[in-house]
>>> print(open('model-v8.cif').read())   # mmCIF, C-alpha atoms
data_final
#
loop_
_atom_site.label_atom_id
_atom_site.label_comp_id
_atom_site.auth_asym_id
_atom_site.auth_seq_id
_atom_site.Cartn_x
_atom_site.Cartn_y
_atom_site.Cartn_z
CA MET A 15 -57.26 -12.60 -179.38
CA GLU A 16 -56.07 -11.38 -176.00
CA SER A 17 -59.66 -11.38 -174.78
CA ASP A 18 -60.05 -15.02 -175.92
CA ASN A 19 -56.96 -16.01 -173.93
CA ARG A 20 -58.29 -14.22 -170.91
CA GLY A 21 -61.64 -15.97 -171.33
CA ILE A 22 -59.87 -19.35 -171.23
CA ALA A 23 -57.84 -18.20 -168.21
CA VAL A 24 -61.02 -17.15 -166.40
CA CYS A 25 -62.60 -20.56 -167.12
CA LEU A 26 -59.52 -22.44 -165.89
CA THR A 27 -59.30 -20.47 -162.64
CA LEU A 28 -63.03 -20.95 -162.07
CA ILE A 29 -62.73 -24.71 -162.56
CA LEU A 30 -59.91 -24.75 -160.01
CA ALA A 31 -62.05 -22.69 -157.62
CA VAL A 32 -64.99 -25.09 -158.08
CA VAL A 33 -62.76 -28.09 -157.32
CA LEU A 34 -61.41 -26.38 -154.18
CA SER A 35 -64.95 -25.46 -153.12
CA LEU A 36 -66.29 -28.98 -153.57
CA MET A 37 -63.30 -30.84 -152.18
CA PRO A 38 -64.60 -32.75 -149.15
CA LEU A 39 -63.25 -31.65 -145.77
CA SER A 40 -63.91 -32.96 -142.30
CA GLY A 41 -66.80 -31.30 -140.46
CA ASP A 42 -64.52 -29.36 -138.13
CA TRP A 43 -62.82 -27.59 -141.03
CA ILE A 44 -65.59 -27.15 -143.56
CA VAL A 45 -67.15 -24.25 -141.66
CA TRP A 46 -63.99 -22.21 -142.10
CA LYS A 47 -63.43 -22.99 -145.77
CA PRO A 48 -63.08 -19.74 -147.76
CA ASN A 49 -65.49 -19.15 -150.63
CA PHE A 50 -62.95 -19.84 -153.39
CA LEU A 51 -65.41 -19.08 -156.18
CA LEU A 52 -66.17 -15.65 -154.75
CA LEU A 53 -62.46 -14.90 -154.18
CA THR A 54 -61.63 -15.90 -157.76
CA VAL A 55 -64.40 -13.72 -159.17
CA MET A 56 -63.19 -10.83 -156.98
CA ALA A 57 -59.63 -11.28 -158.23
CA TRP A 58 -60.81 -11.19 -161.85
CA VAL A 59 -63.03 -8.14 -161.30
CA MET A 60 -60.03 -6.33 -159.79
CA ARG A 61 -57.67 -7.38 -162.57
CA TRP A 62 -60.00 -7.19 -165.56
CA PRO A 63 -62.99 -4.98 -164.69
CA ASP A 64 -63.89 -4.36 -168.35
CA GLY A 65 -64.24 -8.07 -169.11
CA VAL A 66 -65.50 -9.54 -165.84
CA GLY A 67 -68.39 -7.48 -164.55
CA ILE A 68 -71.58 -7.72 -162.57
CA PHE A 69 -73.43 -9.98 -165.02
CA PHE A 70 -70.53 -12.43 -165.14
CA ALA A 71 -70.28 -12.45 -161.33
CA ALA A 72 -74.04 -13.07 -161.11
CA SER A 73 -73.73 -16.03 -163.52
CA VAL A 74 -70.96 -17.56 -161.39
CA GLY A 75 -73.19 -16.90 -158.37
CA LEU A 76 -75.94 -18.96 -159.99
CA LEU A 77 -73.42 -21.77 -160.54
CA ALA A 78 -72.43 -21.47 -156.86
CA ASP A 79 -76.10 -21.74 -155.85
CA ILE A 80 -76.42 -24.99 -157.79
CA LEU A 81 -73.14 -26.39 -156.44
CA LEU A 82 -73.74 -25.34 -152.84
CA ARG A 83 -77.43 -26.35 -152.93
CA MET A 84 -78.69 -22.92 -151.95
CA SER A 85 -81.87 -21.22 -153.00
CA PRO A 86 -81.25 -19.95 -156.59
CA GLY A 87 -80.61 -16.23 -156.39
CA HIS A 88 -78.88 -16.24 -153.00
CA SER A 89 -75.29 -16.32 -154.29
CA VAL A 90 -76.33 -14.36 -157.40
CA ILE A 91 -77.04 -11.32 -155.25
CA VAL A 92 -73.94 -11.87 -153.06
CA PHE A 93 -71.56 -12.23 -156.02
CA ALA A 94 -73.14 -9.28 -157.84
CA LEU A 95 -72.80 -7.12 -154.71
CA CYS A 96 -69.10 -7.98 -154.45
CA ALA A 97 -68.51 -7.32 -158.15
CA PHE A 98 -70.38 -4.00 -157.89
CA ALA A 99 -68.31 -2.85 -154.91
CA LEU A 100 -65.05 -3.90 -156.55
CA ALA A 101 -65.93 -2.49 -159.98
CA LEU A 102 -66.56 0.90 -158.35
CA ILE A 103 -63.09 0.97 -156.82
CA SER A 104 -61.20 -1.15 -159.36
CA ARG A 105 -59.51 1.90 -160.97
CA TRP A 106 -57.57 2.74 -157.85
CA ALA A 107 -57.61 -0.71 -156.23
CA LYS A 108 -54.91 -1.92 -158.66
CA TYR A 109 -52.45 0.57 -157.16
CA LEU A 110 -52.86 -0.85 -153.65
CA SER A 111 -50.16 -2.99 -152.05
CA MET A 112 -50.87 -6.68 -151.38
CA LEU A 113 -51.49 -6.06 -147.69
CA GLN A 114 -53.93 -3.26 -148.47
CA ARG A 115 -55.69 -5.51 -150.96
CA MET A 116 -55.92 -8.26 -148.36
CA LEU A 117 -57.54 -5.83 -145.95
CA LEU A 118 -59.92 -4.63 -148.68
CA VAL A 119 -60.90 -8.23 -149.43
CA ALA A 120 -61.44 -8.88 -145.71
CA LEU A 121 -63.67 -5.81 -145.49
CA ILE A 122 -65.77 -6.80 -148.52
CA ILE A 123 -66.03 -10.44 -147.39
CA SER A 124 -67.15 -9.25 -143.91
CA LEU A 125 -69.85 -7.00 -145.36
CA VAL A 126 -71.04 -9.70 -147.73
CA ALA A 127 -70.97 -12.35 -144.98
CA MET A 128 -73.15 -10.16 -142.78
CA PHE A 129 -75.57 -9.62 -145.66
CA GLU A 130 -75.58 -13.40 -146.21
CA ALA A 131 -76.23 -14.00 -142.49
CA VAL A 132 -79.29 -11.73 -142.73
CA LEU A 133 -80.53 -13.78 -145.70
CA PHE A 134 -80.02 -17.01 -143.72
CA ILE A 135 -81.93 -15.58 -140.76
CA LEU A 136 -84.76 -14.61 -143.14
CA TYR A 137 -84.84 -18.23 -144.34
CA GLY A 138 -85.00 -19.32 -140.69
CA ARG A 139 -81.66 -21.12 -140.92
CA PRO A 140 -78.59 -20.80 -138.66
CA SER A 141 -76.58 -17.76 -139.74
CA GLY A 142 -73.17 -19.30 -138.97
CA ILE A 143 -72.00 -15.89 -137.76
CA GLU A 144 -69.78 -17.50 -135.08
CA TYR A 145 -67.52 -18.93 -137.80
CA LEU A 146 -67.08 -15.59 -139.59
CA PRO A 147 -63.86 -14.26 -137.99
CA MET A 148 -61.91 -17.42 -138.83
CA LYS A 149 -63.46 -17.65 -142.29
CA ILE A 150 -62.54 -14.02 -143.04
CA LEU A 151 -59.00 -14.57 -141.78
CA LEU A 152 -58.56 -17.68 -143.95
CA SER A 153 -60.05 -15.86 -146.96
CA MET A 154 -57.55 -13.06 -146.37
CA LEU A 155 -54.68 -15.55 -146.23
CA ALA A 156 -55.88 -17.32 -149.38
CA TRP A 157 -56.14 -14.04 -151.28
CA PRO A 158 -52.42 -13.56 -152.22
CA PHE A 159 -52.34 -17.03 -153.83
CA ILE A 160 -55.53 -16.45 -155.81
CA ASP A 161 -54.52 -12.93 -156.81
CA ARG A 162 -51.09 -14.09 -157.99
CA LEU A 163 -52.60 -17.00 -159.89
CA VAL A 164 -55.01 -14.67 -161.67
CA ALA A 165 -52.17 -12.21 -162.39
CA ARG A 166 -50.07 -15.01 -163.90
CA MET A 167 -52.93 -16.26 -166.03
CA GLN A 168 -53.32 -12.85 -167.66
CA PRO A 169 -51.65 -12.46 -171.07
CA ARG A 170 -48.61 -10.18 -170.95
CA ARG A 171 -48.72 -7.02 -172.98
CA GLY A 172 -46.11 -6.08 -175.59
CA MET B 7 -65.62 13.53 -163.83
CA LYS B 8 -68.80 13.11 -165.88
CA ASN B 9 -67.36 9.83 -167.21
CA VAL B 10 -66.86 8.51 -163.66
CA PHE B 11 -70.47 9.31 -162.74
CA ASN B 12 -71.72 7.69 -165.97
CA ARG B 13 -69.75 4.55 -165.18
CA SER B 14 -71.05 4.45 -161.59
CA SER B 15 -74.66 4.87 -162.67
CA THR B 16 -74.25 2.14 -165.32
CA LEU B 17 -72.80 -0.18 -162.67
CA LEU B 18 -75.63 0.65 -160.27
CA ARG B 19 -78.22 0.01 -162.98
CA LYS B 20 -76.64 -3.37 -163.73
CA PHE B 21 -76.47 -4.27 -160.03
CA LEU B 22 -80.10 -3.32 -159.44
CA THR B 23 -81.21 -5.37 -162.48
CA VAL B 24 -79.29 -8.43 -161.26
CA SER B 25 -80.61 -7.97 -157.69
CA LEU B 26 -84.17 -7.79 -158.96
CA VAL B 27 -83.72 -11.00 -160.96
CA ALA B 28 -82.10 -12.69 -157.92
CA VAL B 29 -84.94 -11.68 -155.59
CA LEU B 30 -87.47 -12.93 -158.16
CA LEU B 31 -85.60 -16.25 -158.40
CA MET B 32 -85.59 -16.62 -154.60
CA LEU B 33 -89.31 -15.84 -154.36
CA VAL B 34 -90.22 -18.21 -157.19
CA ASP B 35 -88.06 -20.96 -155.64
CA ASN B 36 -89.56 -20.45 -152.18
CA PHE B 37 -93.21 -20.30 -153.17
CA THR B 38 -93.51 -22.45 -156.32
CA PRO B 39 -92.01 -25.69 -157.65
CA TRP B 40 -91.40 -24.14 -161.10
CA LEU B 41 -87.62 -24.05 -160.82
CA LYS B 42 -87.24 -27.61 -159.57
CA PRO B 43 -86.90 -29.33 -163.01
CA ALA B 44 -84.35 -26.74 -164.21
CA TYR B 45 -82.46 -27.00 -160.94
CA SER B 46 -82.44 -30.78 -161.14
CA ALA B 47 -81.16 -30.68 -164.75
CA ALA B 48 -78.44 -28.20 -163.77
CA ASP B 49 -77.50 -30.45 -160.84
CA ASN B 50 -77.01 -33.34 -163.29
CA LEU B 51 -74.81 -31.13 -165.47
CA VAL B 52 -72.47 -30.13 -162.63
CA ARG B 53 -72.24 -33.69 -161.26
CA PRO B 54 -68.89 -34.41 -163.04
CA LEU B 55 -67.39 -31.50 -161.08
CA TYR B 56 -68.08 -33.41 -157.85
CA LEU B 57 -66.24 -36.40 -159.27
CA ILE B 58 -63.27 -34.19 -160.21
CA ALA B 59 -63.26 -32.63 -156.73
CA ASN B 60 -63.12 -36.12 -155.22
CA ILE B 61 -59.98 -37.08 -157.15
CA PRO B 62 -57.48 -35.80 -154.52
CA LEU B 63 -59.29 -37.79 -151.82
CA ARG B 64 -59.29 -40.93 -153.99
CA VAL B 65 -55.58 -40.52 -154.69
CA GLN B 66 -54.92 -40.11 -150.97
CA GLU B 67 -56.97 -43.24 -150.15
CA TRP B 68 -55.29 -45.21 -152.92
CA SER B 69 -51.80 -44.16 -151.84
CA ALA B 70 -52.62 -44.89 -148.18
CA SER B 71 -53.79 -48.41 -149.06
CA SER B 72 -50.91 -49.05 -151.48
CA LEU B 73 -48.22 -47.95 -149.06
CA THR B 74 -49.53 -49.95 -146.08
CA PRO B 75 -46.93 -52.55 -145.06
CA ARG B 76 -47.82 -56.21 -145.60
CA SER B 77 -47.55 -57.01 -141.87
CA GLU B 78 -50.16 -54.34 -141.07
CA ILE B 79 -52.53 -55.71 -143.72
CA GLU B 80 -52.10 -59.21 -142.31
CA SER B 81 -52.81 -58.09 -138.75
CA ASP B 82 -55.85 -56.13 -139.98
CA ASN B 83 -57.06 -59.22 -141.80
CA LEU B 84 -56.68 -61.33 -138.67
CA ARG B 85 -58.53 -58.77 -136.55
CA LEU B 86 -61.37 -58.53 -139.09
CA SER B 87 -61.69 -62.32 -139.25
CA LYS B 88 -62.02 -62.45 -135.45
CA GLU B 89 -64.57 -59.62 -135.49
CA SER B 90 -66.52 -61.36 -138.24
CA LEU B 91 -66.63 -64.56 -136.15
CA ILE B 92 -67.88 -62.65 -133.10
CA TYR B 93 -70.56 -60.83 -135.13
CA HIS B 94 -71.71 -64.06 -136.76
CA GLY B 95 -72.14 -65.54 -133.29
CA GLN B 96 -74.14 -62.50 -132.17
CA LEU B 97 -76.19 -62.60 -135.37
CA GLN B 98 -77.21 -66.20 -134.71
CA ARG B 99 -78.51 -65.15 -131.31
CA MET B 100 -80.24 -62.14 -132.90
CA SER B 101 -82.01 -64.27 -135.52
CA ASP B 102 -83.17 -66.60 -132.76
CA LEU B 103 -84.53 -63.60 -130.82
CA ALA B 104 -86.14 -62.15 -133.98
CA ALA B 105 -87.89 -65.46 -134.66
CA GLU B 106 -89.12 -65.60 -131.07
CA ASN B 107 -90.29 -61.96 -131.33
CA MET B 108 -92.30 -62.80 -134.47
CA ARG B 109 -93.90 -65.84 -132.80
CA LEU B 110 -94.93 -63.73 -129.81
CA ARG B 111 -96.30 -60.99 -132.09
CA ARG B 112 -98.32 -63.58 -133.97
CA LEU B 113 -99.72 -64.81 -130.65
CA LEU B 114 -100.71 -61.21 -129.84
CA ASN B 115 -102.13 -60.68 -133.37
CA ALA B 116 -99.74 -57.74 -133.73
CA THR B 117 -98.21 -56.61 -137.02
CA GLU B 118 -95.45 -58.94 -138.05
CA LEU B 119 -92.02 -57.38 -138.25
CA VAL B 120 -90.18 -58.22 -141.44
CA GLN B 121 -86.43 -57.84 -141.48
CA ASP B 122 -85.23 -54.69 -143.29
CA SER B 123 -83.07 -55.13 -146.36
CA VAL B 124 -80.20 -52.81 -147.25
CA LEU B 125 -78.20 -51.66 -150.26
CA VAL B 126 -74.58 -50.58 -149.91
CA THR B 127 -73.75 -47.16 -151.35
CA GLU B 128 -70.78 -44.81 -151.46
CA VAL B 129 -70.59 -41.08 -150.82
CA ILE B 130 -69.50 -39.25 -153.99
CA GLY B 131 -70.01 -35.67 -152.88
CA VAL B 132 -70.47 -33.61 -149.76
CA SER B 133 -72.23 -30.25 -149.69
CA ALA B 134 -69.66 -27.48 -149.82
CA ASN B 135 -72.03 -25.22 -147.93
CA PRO B 136 -71.21 -25.73 -144.24
CA LEU B 137 -74.71 -24.73 -143.16
CA SER B 138 -76.48 -27.18 -145.45
CA HIS B 139 -75.76 -30.76 -144.43
CA THR B 140 -76.39 -32.86 -147.52
CA LEU B 141 -74.38 -35.47 -149.36
CA THR B 142 -74.52 -37.20 -152.70
CA ILE B 143 -74.44 -40.98 -153.05
CA ASP B 144 -73.77 -43.17 -156.08
CA ARG B 145 -77.21 -44.85 -156.24
CA GLY B 146 -80.30 -43.53 -157.99
CA THR B 147 -83.64 -44.56 -159.45
CA ALA B 148 -81.83 -47.29 -161.41
CA ASP B 149 -81.13 -48.98 -158.05
CA GLY B 150 -84.64 -48.46 -156.67
CA VAL B 151 -83.75 -45.47 -154.48
CA PHE B 152 -86.74 -43.29 -153.56
CA VAL B 153 -87.38 -39.98 -151.83
CA GLY B 154 -87.69 -40.39 -148.07
CA GLN B 155 -85.55 -43.55 -147.95
CA PRO B 156 -83.54 -43.82 -144.71
CA LEU B 157 -79.74 -43.84 -144.88
CA LEU B 158 -77.45 -45.48 -142.29
CA ASP B 159 -73.78 -45.94 -141.64
CA ALA B 160 -72.22 -48.72 -139.56
CA GLU B 161 -72.97 -46.83 -136.34
CA GLY B 162 -76.44 -45.35 -136.76
CA LEU B 163 -78.94 -43.25 -138.70
CA MET B 164 -77.41 -40.74 -141.11
CA GLY B 165 -80.39 -39.12 -142.82
CA GLN B 166 -82.92 -39.51 -145.60
CA ILE B 167 -83.00 -39.21 -149.38
CA ILE B 168 -84.45 -35.91 -150.59
CA GLU B 169 -83.67 -35.99 -154.32
CA VAL B 170 -83.26 -38.93 -156.67
CA HIS B 171 -81.67 -38.89 -160.10
CA LYS B 172 -80.95 -41.82 -162.38
CA ARG B 173 -77.45 -42.66 -161.13
CA HIS B 174 -77.11 -40.58 -157.98
CA SER B 175 -79.19 -39.20 -155.13
CA THR B 176 -78.97 -36.47 -152.52
CA ALA B 177 -79.49 -37.16 -148.84
CA LEU B 178 -80.34 -34.70 -146.08
CA LEU B 179 -78.34 -35.52 -142.95
CA ILE B 180 -79.88 -35.66 -139.47
CA THR B 181 -77.58 -32.79 -138.43
CA ASP B 182 -79.07 -30.35 -140.98
CA SER B 183 -81.01 -27.55 -139.32
CA ASN B 184 -84.08 -28.45 -141.41
CA HIS B 185 -84.14 -32.02 -140.16
CA ALA B 186 -85.97 -33.50 -137.17
CA LEU B 187 -86.65 -37.14 -136.30
CA PRO B 188 -88.75 -38.81 -133.63
CA VAL B 189 -86.62 -40.70 -131.10
CA GLN B 190 -87.00 -42.52 -127.82
CA VAL B 191 -84.69 -43.23 -124.91
CA LEU B 192 -83.63 -46.87 -125.10
CA ARG B 193 -83.65 -47.25 -121.29
CA ASN B 194 -87.25 -46.22 -120.62
CA GLY B 195 -88.96 -45.45 -123.95
CA LEU B 196 -89.27 -41.69 -123.28
CA ARG B 197 -90.21 -40.06 -126.61
CA SER B 198 -88.83 -36.82 -128.02
CA ILE B 199 -87.63 -35.13 -131.21
CA ALA B 200 -83.95 -34.95 -132.20
CA GLU B 201 -83.32 -31.85 -134.28
CA GLY B 202 -80.26 -30.90 -136.33
CA ARG B 203 -78.50 -27.61 -135.73
CA ALA B 204 -76.02 -27.40 -138.62
CA GLU B 205 -73.16 -28.89 -136.56
CA TYR B 206 -71.75 -32.25 -137.62
CA ASN B 207 -71.30 -33.60 -134.10
CA ARG B 208 -74.38 -32.28 -132.30
CA LEU B 209 -78.15 -32.63 -132.26
CA ASN B 210 -80.72 -30.99 -129.99
CA LEU B 211 -83.32 -32.99 -128.12
CA LYS B 212 -86.56 -31.02 -128.07
CA PHE B 213 -89.58 -30.88 -125.81
CA VAL B 214 -88.25 -32.82 -122.81
CA SER B 215 -89.72 -31.49 -119.58
CA PRO B 216 -87.48 -30.86 -116.54
CA THR B 217 -89.23 -33.68 -114.65
CA ALA B 218 -88.57 -36.30 -117.37
CA ASP B 219 -86.45 -39.34 -116.57
CA ILE B 220 -83.41 -38.72 -118.77
CA ARG B 221 -79.71 -38.92 -117.90
CA GLU B 222 -76.38 -38.14 -119.50
CA GLY B 223 -75.17 -41.23 -121.38
CA ASP B 224 -78.70 -42.41 -122.28
CA LYS B 225 -78.85 -44.03 -125.71
CA LEU B 226 -81.46 -42.76 -128.18
CA VAL B 227 -82.99 -44.81 -130.97
CA SER B 228 -85.51 -43.93 -133.68
CA SER B 229 -89.05 -44.39 -132.37
CA GLY B 230 -90.66 -45.16 -135.73
CA LEU B 231 -93.29 -42.47 -135.20
CA GLY B 232 -93.89 -40.28 -138.23
CA GLY B 233 -93.54 -43.31 -140.48
CA LEU B 234 -90.33 -42.23 -142.19
CA TYR B 235 -87.62 -43.94 -140.14
CA PRO B 236 -88.13 -47.48 -138.88
CA ALA B 237 -87.99 -48.00 -135.11
CA GLY B 238 -84.93 -49.14 -133.20
CA TYR B 239 -82.00 -47.67 -135.13
CA PRO B 240 -79.34 -45.85 -133.05
CA VAL B 241 -79.49 -42.06 -133.28
CA GLY B 242 -77.17 -40.81 -130.54
CA THR B 243 -76.17 -40.51 -126.92
CA VAL B 244 -77.22 -37.82 -124.45
CA LEU B 245 -74.15 -35.67 -123.93
CA SER B 246 -75.33 -32.91 -121.60
CA ILE B 247 -78.55 -31.82 -119.93
CA VAL B 248 -79.02 -28.21 -118.87
CA SER B 249 -82.06 -26.95 -117.02
CA VAL B 250 -82.51 -23.24 -117.67
CA PRO B 251 -84.62 -21.58 -114.94
CA GLY B 252 -87.89 -20.31 -116.44
CA ASP B 253 -87.72 -22.58 -119.51
CA ASN B 254 -90.45 -25.19 -119.97
CA PHE B 255 -88.06 -27.70 -121.48
CA LEU B 256 -84.54 -29.00 -120.85
CA LYS B 257 -81.65 -28.04 -123.12
CA ILE B 258 -80.22 -31.40 -124.19
CA ASP B 259 -77.21 -31.97 -126.45
CA ILE B 260 -76.92 -35.25 -128.34
CA ASP B 261 -73.80 -36.82 -129.79
CA PRO B 262 -74.91 -38.56 -133.03
CA SER B 263 -74.09 -42.28 -133.26
CA ALA B 264 -73.34 -42.11 -137.00
CA GLU B 265 -70.00 -40.75 -138.13
CA ILE B 266 -71.76 -38.00 -140.03
CA ASP B 267 -68.71 -36.29 -141.54
CA ARG B 268 -66.47 -39.35 -141.91
CA SER B 269 -68.39 -42.36 -143.23
CA ARG B 270 -67.87 -43.05 -146.92
CA HIS B 271 -69.76 -46.34 -147.25
CA LEU B 272 -73.40 -46.18 -146.25
CA LEU B 273 -76.50 -48.36 -146.30
CA LEU B 274 -79.80 -47.52 -147.95
CA LEU B 275 -82.59 -49.07 -145.97
CA TYR B 276 -85.59 -50.80 -147.56
CA THR B 277 -87.96 -51.24 -144.66
CA SER B 278 -90.71 -53.85 -144.36
CA ARG B 279 -93.21 -51.06 -145.18
CA ASP B 280 -91.46 -50.35 -148.52
CA ASN B 281 -91.31 -54.06 -149.33
CA ALA B 282 -95.01 -54.38 -148.57
CA ALA B 283 -95.78 -51.36 -150.76
CA ASP B 284 -93.74 -52.89 -153.61
CA ALA B 285 -95.61 -56.15 -153.23
CA VAL B 286 -98.96 -54.31 -153.49
CA GLU B 287 -97.79 -52.46 -156.62
#
>>> encode(input="model-v8.cif", output="structure tokens")
Amino acid sequence: MESDNRGIAVCLTLILAVVLSLMPLSGDWIVWKPNFLLLTVMAWVMRWPDGVGIFFAASVGLLADILLRMSPGHSVIVFALCAFALALISRWAKYLSMLQRMLLVALIISLVAMFEAVLFILYGRPSGIEYLPMKILLSMLAWPFIDRLVARMQPRRG
Amino acid sequence: MKNVFNRSSTLLRKFLTVSLVAVLLMLVDNFTPWLKPAYSAADNLVRPLYLIANIPLRVQEWSASSLTPRSEIESDNLRLSKESLIYHGQLQRMSDLAAENMRLRRLLNATELVQDSVLVTEVIGVSANPLSHTLTIDRGTADGVFVGQPLLDAEGLMGQIIEVHKRHSTALLITDSNHALPVQVLRNGLRSIAEGRAEYNRLNLKFVSPTADIREGDKLVSSGLGGLYPAGYPVGTVLSIVSVPGDNFLKIDIDPSAEIDRSRHLLLLYTSRDNAADAVE
């Protein structure tokens, strides 16, 4: 029953993340918009590693590819990489303070963004690497809100 | 300890499986059209999410229009009436010039220019990927939209349709890094290619030699070469010209005429060529 509730919670947070991702922004801001879908998946992998794993992250990645009009498979690999990294460290990551978690998220987002930039270069498209520092900073600042939202959506024990 | 290693190897196995599938998907998508129908169907399924994401913007627009004071609306109305009068005057002169142009073309036995017709459309979604400049409009095959159809806003060329569904379509903007369009300088007819570079307010002008007659502030219009965009529509203004020693071509930045990231109401263009094709069909 608890798992069902969590499933609904995951769906609700993902819908919110999709809306935030698709919400139109002016051209000057859109380049810095954090990847809300990726952050939400990361928060769930950290909070519920047994329920939200690599396959789930890859499925959300496929959804992101469709929504963001990318080549199918691009976000699949990026989301799976993030979930893999987080699942490896999830056992001790839950004992980290918020600031440490924010830094961890920034580190993972940086690594993933560089991997993504390589993929873009392979496609012969602009890598957008010049926007990375601001994007990572904004992702870091968005993290506490997403993490708290995910924590609140989890059913309480006892 | 053994448990930890088991868990890590399971995770690695899962990650490698997913990566393999992802790489296969990317290869299939890049080299074959097999995924296109599935992708198009999935795009239709997620369309309602775009509408939901637009709700905050609609609410903001609605509240902005509802809370505007009556005096402001009246002054806006007066200004628009005056503008409409001025444009009607200019249009009369334009139709006179167009008629004269046609007469002269007939005298020269040149192809007759037929006036382009347009269809008003509204933007219902903007690509959330900052490096892919596409947008979704609320017209589809039901309205006669077709792939390759030019899209304009009130100021200039915006892009072209790349995907058509029944009730909506996707357009590739001229600022996308995969987009290039033939242009010419309005002042002297110098031809070149304006290429997108994934920035909403900049285009690059390619293949202009250092000896070419081009200046900052020159207006660029579509040249009509390539057959996709009709000739004479505003594309942008030359913003800066840099001559890099050793380079064969100038580095020219263009400020697009269209309000690429702001316009909500656009025009789909049915050119004389399309009308002629329809007539033949």
>>> residues_near_point(input="model-v8.cif", point="(-85.7, -33.1, -129.3)", cutoff="9 Å", atoms="all atoms listed in the file", output="compact mmCIF listing (two decimals) with C-alpha atoms, keeping the file's coordinate frame")
# COMPACT_ATOMS: atom_id res chain seq x y z
CA ALA B 186 -85.97 -33.50 -137.17
CA LEU B 187 -86.65 -37.14 -136.30
CA PRO B 188 -88.75 -38.81 -133.63
CA VAL B 189 -86.62 -40.70 -131.10
CA ARG B 197 -90.21 -40.06 -126.61
CA SER B 198 -88.83 -36.82 -128.02
CA ILE B 199 -87.63 -35.13 -131.21
CA ALA B 200 -83.95 -34.95 -132.20
CA GLU B 201 -83.32 -31.85 -134.28
CA LEU B 209 -78.15 -32.63 -132.26
CA ASN B 210 -80.72 -30.99 -129.99
CA LEU B 211 -83.32 -32.99 -128.12
CA LYS B 212 -86.56 -31.02 -128.07
CA PHE B 213 -89.58 -30.88 -125.81
CA VAL B 214 -88.25 -32.82 -122.81
CA LYS B 257 -81.65 -28.04 -123.12
CA ILE B 258 -80.22 -31.40 -124.19
>>> residues_around(input="model-v8.cif", residues="Met128 in chain A", least_positions_apart="5", cutoff="10 Å", atoms="only C-alpha atoms", output="list in words")
Ile122, Ile123, Leu133, Phe134, Ser141, Gly142, Ile143 and Leu146 of chain A
>>> write_last_selection(input="model-v8.cif", atoms="C-alpha atoms", output="PDB file, in the frame of the given file")
ATOM      1  CA  ILE A 122     -65.770  -6.800-148.520  1.00  0.00           C
ATOM      2  CA  ILE A 123     -66.030 -10.440-147.390  1.00  0.00           C
ATOM      3  CA  LEU A 133     -80.530 -13.780-145.700  1.00  0.00           C
ATOM      4  CA  PHE A 134     -80.020 -17.010-143.720  1.00  0.00           C
ATOM      5  CA  SER A 141     -76.580 -17.760-139.740  1.00  0.00           C
ATOM      6  CA  GLY A 142     -73.170 -19.300-138.970  1.00  0.00           C
ATOM      7  CA  ILE A 143     -72.000 -15.890-137.760  1.00  0.00           C
ATOM      8  CA  LEU A 146     -67.080 -15.590-139.590  1.00  0.00           C
TER       9      LEU A 146
END
>>> residues_around(input="model-v8.cif", residues="range 47-64 of chain A", least_positions_apart="6", cutoff="6 Å", atoms="all atoms listed in the file", output="list of chain:residue names")
A:Ala31, A:Ser35, A:Ser104, A:Lys149, A:Ser153, A:Asp161
>>> interface_residues(input="model-v8.cif", of="chain A", to="chain B", cutoff="6 Å", atoms="all atoms listed in the file", output="ChimeraX atom specification")
/A:33,36-38,40-41,44-45,82,86-87,91
>>> atom_distance(input="model-v8.cif", atom1="CA of Ala177 in chain B", atom2="CA of His88 in chain A")
21.3 Å
>>> residues_around(input="model-v8.cif", residues="Met167 in chain A", least_positions_apart="5", cutoff="10 Å", atoms="all atoms listed in the file", output="list in words")
Asn19, Arg20, Ile22, Ala23, Val24, Leu26, Thr27, Asp161 and Arg162 of chain A
>>> write_last_selection(input="model-v8.cif", atoms="C-alpha atoms", output="PDB file, in the coordinates of the input")
ATOM      1  CA  ASN A  19     -56.960 -16.010-173.930  1.00  0.00           C
ATOM      2  CA  ARG A  20     -58.290 -14.220-170.910  1.00  0.00           C
ATOM      3  CA  ILE A  22     -59.870 -19.350-171.230  1.00  0.00           C
ATOM      4  CA  ALA A  23     -57.840 -18.200-168.210  1.00  0.00           C
ATOM      5  CA  VAL A  24     -61.020 -17.150-166.400  1.00  0.00           C
ATOM      6  CA  LEU A  26     -59.520 -22.440-165.890  1.00  0.00           C
ATOM      7  CA  THR A  27     -59.300 -20.470-162.640  1.00  0.00           C
ATOM      8  CA  ASP A 161     -54.520 -12.930-156.810  1.00  0.00           C
ATOM      9  CA  ARG A 162     -51.090 -14.090-157.990  1.00  0.00           C
TER      10      ARG A 162
END
>>> atom_distance(input="model-v8.cif", atom1="CA of Ala156 in chain A", atom2="CA of Ile29 in chain A")
16.6 Å
>>> resolve_selection(input="model-v8.cif", expression="the PyMOL selection byres ((chain A and resi 97) around 9)", output="JSON, numbers by chain")
{"A": [55, 56, 59, 60, 63, 66, 67, 68, 69, 70, 71, 72, 92, 93, 94, 95, 96, 98, 99, 100, 101, 102], "B": [21]}
>>> axis_aligned_box(input="model-v8.cif", around="range 17-35 of chain A", padding_each_side="5 Å", output="JSON")
{"center_x": -61.0, "center_y": -19.7, "center_z": -164.5, "size_x": 18.0, "size_y": 26.7, "size_z": 32.8}
>>> atom_distance(input="model-v8.cif", atom1="CA of Val170 in chain B", atom2="CA of Leu28 in chain A")
27.6 Å
>>> residues_around(input="model-v8.cif", residues="range 224-235 of chain B", least_positions_apart="3", cutoff="6 Å", atoms="all atoms listed in the file", output="list of chain:residue names")
B:Pro188, B:Val189, B:Gln190, B:Val191, B:Leu192, B:Arg221, B:Gly238, B:Tyr239, B:Pro240, B:Val241, B:Gly242, B:Thr243, B:Val244
